[in-house]
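Here's the structure, in structure tokens; my notes come after.
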Amino acid sequence: MINKKVANAQEAINDIKDGDTLMIGGFGLCGIPENCITALVQKGVKNLTCISNNAGVDDFGIGLMLHKKQVKKMISSYVGENAEFERQLLSGELDVELIPQGTLAFRCMAAGYGMPAIYTPAGIGTEVAIGKEVRNFNGKDYLLEKAFDANFAIVKAWKGDTAGNLIFKATSRNFNTVMAMAGKITIAEVEELVEPGQLDPNQIHTPGVYVHRIFQGKDYEKRIEKKTTSV
Amino acid sequence: MLDKEGIAKRIAQEIQNNFYVNLGIGIPTLVANYIPKDIQVCFQSENGLLGMGPFPKESEVDPDLINAGKQTITMLPGAAVFDSAMSFGMIHAQKIDLTILGAMEVSEMGDIANWKIPGKMVKGMGGAMDLVASAKNIIVAMQHINKAGESKLLPTCSLPLTGIKCVKKIVTELAVLSVLPEGGFKLLERAPGVSVETIKKATLGKLIIEGEIPEMAFD
């Protein structure tokens with residue numbers, strides 16, 4: 001089996017440079033690649049374009065990179081809950097492209113399936129449609145949305161093997177599988193890394209062909225954004 | 001006049017047996033508390049879950065298991081998890097029977113605005129534009145009048161749109177209204193103790209009133 005294992009987050013992100021476009025998996029703070037984000041903050045790369053559903057919170061997730069002013073542009077669907085983000089946006093330091101959540105997923109999916117673009121009805125008749133090609137199929141209008149083109153995808157899985165196969169837990173799968181498929185180089189950090197043969201091939205969510213580097217992360221905080229309980 | 005729980009309770013009456021339902025953040029989330037015991041319903045959370053259960057007990061909290069509002073939740077027996085592309089795939093393929101969401105404004109043509117206030121609020125549309133573009137049936141849960149005392153049921157929306165010609169029904173603290181395909185809010189029911197006159201004053205868009213308007217009935 002082809003071995004994708006690298007030692008740690010520092011090695012995995014070593015060749016990410018200023019100006020790169022990164023896809024970063026997760027929904028809210030659920031399923032985010034904590035180790036790689038920390039390594040990117042330490043490395044201090046700047047002028048990044050980040051494609052991620054959200055922008056973290058002030059002191060966690062992509063919020064840590066925003067705080068160090070490493071991000072030039074965010075492509076996201078929802079960016080609430082982040083005061084520093086709002087400040088940079090209003091002051092013009094940060095460029096933001098807000099797109100529908102399904103469009104974000106489909107543009108990843110298209111890249112992963114080798115399709116140049118997809119049609120979606122999301123955003124028809126709104127400011128999202130401005131400047132985009134509209135085509136009518138069976139009486140309904142659709143927008144042409146192009147596949148993402150990202151240098152790197154950085155994802156977080158529950159389990160993985162050194163061949164790059166990944167398994168995700170519960171709703172932490174979110175954008176991680178589609179982004180893993182979409183990156184020119186995909187980096188996966190996992191909670192538990194095992195040897196080939198130890199994961200059931202029937203249970204794999206992302207086949208190793210899509211993953212270029214994999215390592216076992218450490219010290220996962222898994223912060224909860226809105227802990228809600230019942231009695 | 002209804003409170004938020006009352007609006008949720010009235011909307012729960014719209015849910016039919018064997019429906020797959022997507023609930024938005026705010027009042028729509030409360031609807032889950034009022035589903036009649038004798039019907040089967042399955043809740044979708046667009047971050048990638050079918051079969052969403054109630055909030056967890058303290059001992060069951062799992063950071064890897066949240067809803068679209070980023071709250072911790074549980075999964076019911078028979079639940080399934082999937083990625084974001086499949087989640088919005090099932091929304092656009094119209095596998096979800098009903099979407100219930102909040103709004104800042106609705107127009108008499110069924111247009112909806114609920115994601116942006118220029119110069120004030122920049123949070124993003126999340127999954128709302130996908131849901132309104134493809135839902136088979138959309139019910140809006142909202143206040144009839146905003147905090148400034150202005151009607152939210154308008155001839156045309158003044159805020160940036162989330163989707164066009166999509167809202168089918170609106171439940172507010174004052175009334176239940178349907179949006180007619182040719183345009184106009186048709187008054188279906190009054191909230192307990194609310195007069196037709198009050199609803200007329202609170203509705204800036206075209207209001208259609210035919211015959212006697214019944215009061216909402218609750219068990």
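The chains in the structure tokens are called A, B, ... from first to last as shown; in each chain the residues are counted from 1, and the ligands are counted from 1 in the order shown.
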
Problem set entry | Check: which chain A residues lie within 7 Å of chain B using only C-alpha atoms, as a PyMOL selection string | chain A and resi 28+30-31+77-80+98+100-102+105-106+109+121-126+169-175+177+222-231

Surrounding residues of Gly208 of chain A excluding itself and chain neighbours under 4 positions, 6 Å, only C-alpha atoms, as a CSV table (one decimal) with N, CA, C and O atoms, in the first residue's frame:
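Everything below was put into out-v3.csv:
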chain,number,residue,atom,x,y,z
A,163,ALA,N,-2.6,4.4,4.4
A,163,ALA,CA,-2.8,4.5,3.0
A,163,ALA,C,-3.7,5.7,2.7
A,163,ALA,O,-4.1,5.9,1.5
A,164,GLY,N,-4.2,6.4,3.7
A,164,GLY,CA,-5.0,7.6,3.5
A,164,GLY,C,-6.5,7.4,3.5
A,164,GLY,O,-7.2,8.4,3.3
A,165,ASN,N,-6.9,6.2,3.8
A,165,ASN,CA,-8.4,6.0,3.9
A,165,ASN,C,-8.9,6.6,5.2
A,165,ASN,O,-8.3,6.6,6.2

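Using only C-alpha atoms, the protein and nucleic acid residues lying no more than 7 Å from segment 190-206 of chain B, apart from those fewer than 2 places from it along its own chain, are B:Met1, B:Leu2, B:Ser107, B:Glu108, B:His144, B:Ile145, B:Ser151, B:Leu153, B:Leu154, B:Pro155, B:Glu173, B:Leu174, B:Ala175, B:Val176, B:Gly184, B:Phe185, B:Ile208, B:Ile213, B:Pro214, B:Glu215, B:Met216.
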
Selection export as a PDB file, in the first residue's frame, atoms kept: C-alpha atoms:
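The file below, out39.pdb, is the result:
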ATOM      1  CA  MET B   1     -52.179  37.168  20.041  1.00  0.00           C
ATOM      2  CA  LEU B   2     -49.671  34.299  20.121  1.00  0.00           C
ATOM      3  CA  SER B 107     -43.521  39.866  -0.148  1.00  0.00           C
ATOM      4  CA  GLU B 108     -47.021  39.262  -1.492  1.00  0.00           C
ATOM      5  CA  HIS B 144     -46.077  40.184  11.798  1.00  0.00           C
ATOM      6  CA  ILE B 145     -44.429  43.498  12.726  1.00  0.00           C
ATOM      7  CA  SER B 151     -45.158  45.427   8.744  1.00  0.00           C
ATOM      8  CA  LEU B 153     -45.660  41.400   5.054  1.00  0.00           C
ATOM      9  CA  LEU B 154     -44.949  43.745   2.156  1.00  0.00           C
ATOM     10  CA  PRO B 155     -45.811  44.428  -1.496  1.00  0.00           C
ATOM     11  CA  GLU B 173     -48.469  36.139  16.318  1.00  0.00           C
ATOM     12  CA  LEU B 174     -51.602  37.524  14.645  1.00  0.00           C
ATOM     13  CA  ALA B 175     -52.595  35.201  11.806  1.00  0.00           C
ATOM     14  CA  VAL B 176     -52.143  32.285   9.439  1.00  0.00           C
ATOM     15  CA  GLY B 184     -51.381  38.406  -2.296  1.00  0.00           C
ATOM     16  CA  PHE B 185     -51.647  37.229   1.305  1.00  0.00           C
ATOM     17  CA  ILE B 208     -57.212  39.040   0.688  1.00  0.00           C
ATOM     18  CA  ILE B 213     -62.139  34.268   9.164  1.00  0.00           C
ATOM     19  CA  PRO B 214     -62.015  31.578  11.838  1.00  0.00           C
ATOM     20  CA  GLU B 215     -59.920  31.758  14.978  1.00  0.00           C
ATOM     21  CA  MET B 216     -57.002  29.290  15.242  1.00  0.00           C
TER      22      MET B 216
END

Exercise. Segment 9-148 of chain A: which residues are helix (DSSP H, G or I) by DSSP, as a ChimeraX atom specification?
Worked result: /A:9-12,34-43,62-67,83-90,101-113,127-129

Problem set entry | Straight-line distance linking atom CA of Lys43 of chain A with atom CA of Ile13 of chain A, stated in Å to one decimal |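 Value for the atom CA of Lys43 of chain A-atom CA of Ile13 of chain A distance: 8.9 Å.
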
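One distance worth recording is that between atom CA of Ile100 of chain B and atom CA of Val41 of chain B, which is 13.8 Å.
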
For this session: Write out as an MDAnalysis selection string which residues come within 12 Å of Thr49 of chain A when counting only C-alpha atoms, dropping same-chain ones fewer than 2 positions away.
Result: chainID A and resid 16:24 45:47 51:52 55 62 65:66 69:76 94:97 148:153

Exercise. Looking only at the backbone, which of the residues in segment 109-149 of chain A does DSSP tag as strand (DSSP E), as a list of chain:residue names?
Worked result: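 Strand (DSSP E) assignments inside segment 109-149 of chain A correspond to A:Ala117, A:Ile118, A:Tyr119, A:Thr120, A:Val134, A:Arg135, A:Asn136, A:Phe137, A:Lys140, A:Asp141, A:Tyr142, A:Leu143, A:Leu144, A:Glu145, A:Lys146.
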
For this session: Can you work out which one of A:Val211, A:Leu193, A:Val6, A:Leu199 has the shortest atom-to-atom distance to Ala180 of chain A, counting only C-alpha atoms?
Result: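 Closest to Ala180 of chain A, using only C-alpha atoms: A:Val211.
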
With a distance cut-off of 10 Å and only C-alpha atoms, select the neighbouring residues of Val134 of chain A, excluding the residue or stretch itself and same-chain residues fewer than 6 positions from it, and output the selection as a short mmCIF file (atom, residue, chain, number, x, y, z; two decimals) with N, CA, C and O atoms, in the first residue's frame.
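The resulting file, part.cif, is shown below:
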data_model
loop_
_atom_site.label_atom_id
_atom_site.label_comp_id
_atom_site.auth_asym_id
_atom_site.auth_seq_id
_atom_site.Cartn_x
_atom_site.Cartn_y
_atom_site.Cartn_z
N TYR A 119 -24.95 23.16 -11.89
CA TYR A 119 -26.09 24.07 -11.91
C TYR A 119 -26.87 23.92 -10.61
O TYR A 119 -27.12 22.80 -10.17
N THR A 120 -27.22 25.06 -10.00
CA THR A 120 -28.03 25.01 -8.78
C THR A 120 -29.06 26.14 -8.80
O THR A 120 -28.77 27.23 -9.32
N PRO A 121 -30.24 25.91 -8.24
CA PRO A 121 -31.23 26.99 -8.17
C PRO A 121 -30.97 27.95 -7.00
O PRO A 121 -31.61 29.00 -6.92
N ILE A 124 -30.93 32.10 -7.17
CA ILE A 124 -31.67 32.69 -8.29
C ILE A 124 -32.53 33.87 -7.78
O ILE A 124 -33.20 33.75 -6.77
N ASP A 141 -35.16 28.04 -13.34
CA ASP A 141 -33.86 28.67 -13.57
C ASP A 141 -32.79 28.13 -12.62
O ASP A 141 -33.06 27.88 -11.44
N TYR A 142 -31.59 27.97 -13.17
CA TYR A 142 -30.45 27.50 -12.40
C TYR A 142 -29.24 28.39 -12.67
O TYR A 142 -29.08 28.89 -13.78
N LEU A 143 -28.37 28.52 -11.65
CA LEU A 143 -27.12 29.28 -11.80
C LEU A 143 -25.98 28.32 -12.10
O LEU A 143 -25.90 27.24 -11.51
N LEU A 144 -25.09 28.77 -13.00
CA LEU A 144 -23.88 28.00 -13.24
C LEU A 144 -22.85 28.39 -12.19
O LEU A 144 -22.51 29.57 -12.04
N GLU A 145 -22.38 27.42 -11.43
CA GLU A 145 -21.38 27.66 -10.39
C GLU A 145 -20.17 26.78 -10.67
O GLU A 145 -20.31 25.57 -10.87
#

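Proximity to Val171 of chain B at 7 Å, evaluated using only C-alpha atoms and with sequence-adjacent residues fewer than 3 positions away removed, yields Ile7, Ile11, Val140, Ala141, Met142, Ala175, Val176 and Leu177 of chain B.
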
Problem set entry | Selection near Tyr220 of chain A, 8 Å with only C-alpha atoms, sequence-local residues under 6 positions removed, as a ChimeraX atom specification | /A:34-35,191

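Going from atom CA of Ile15 of chain B to atom CA of Asn146 of chain B covers 26.6 Å.
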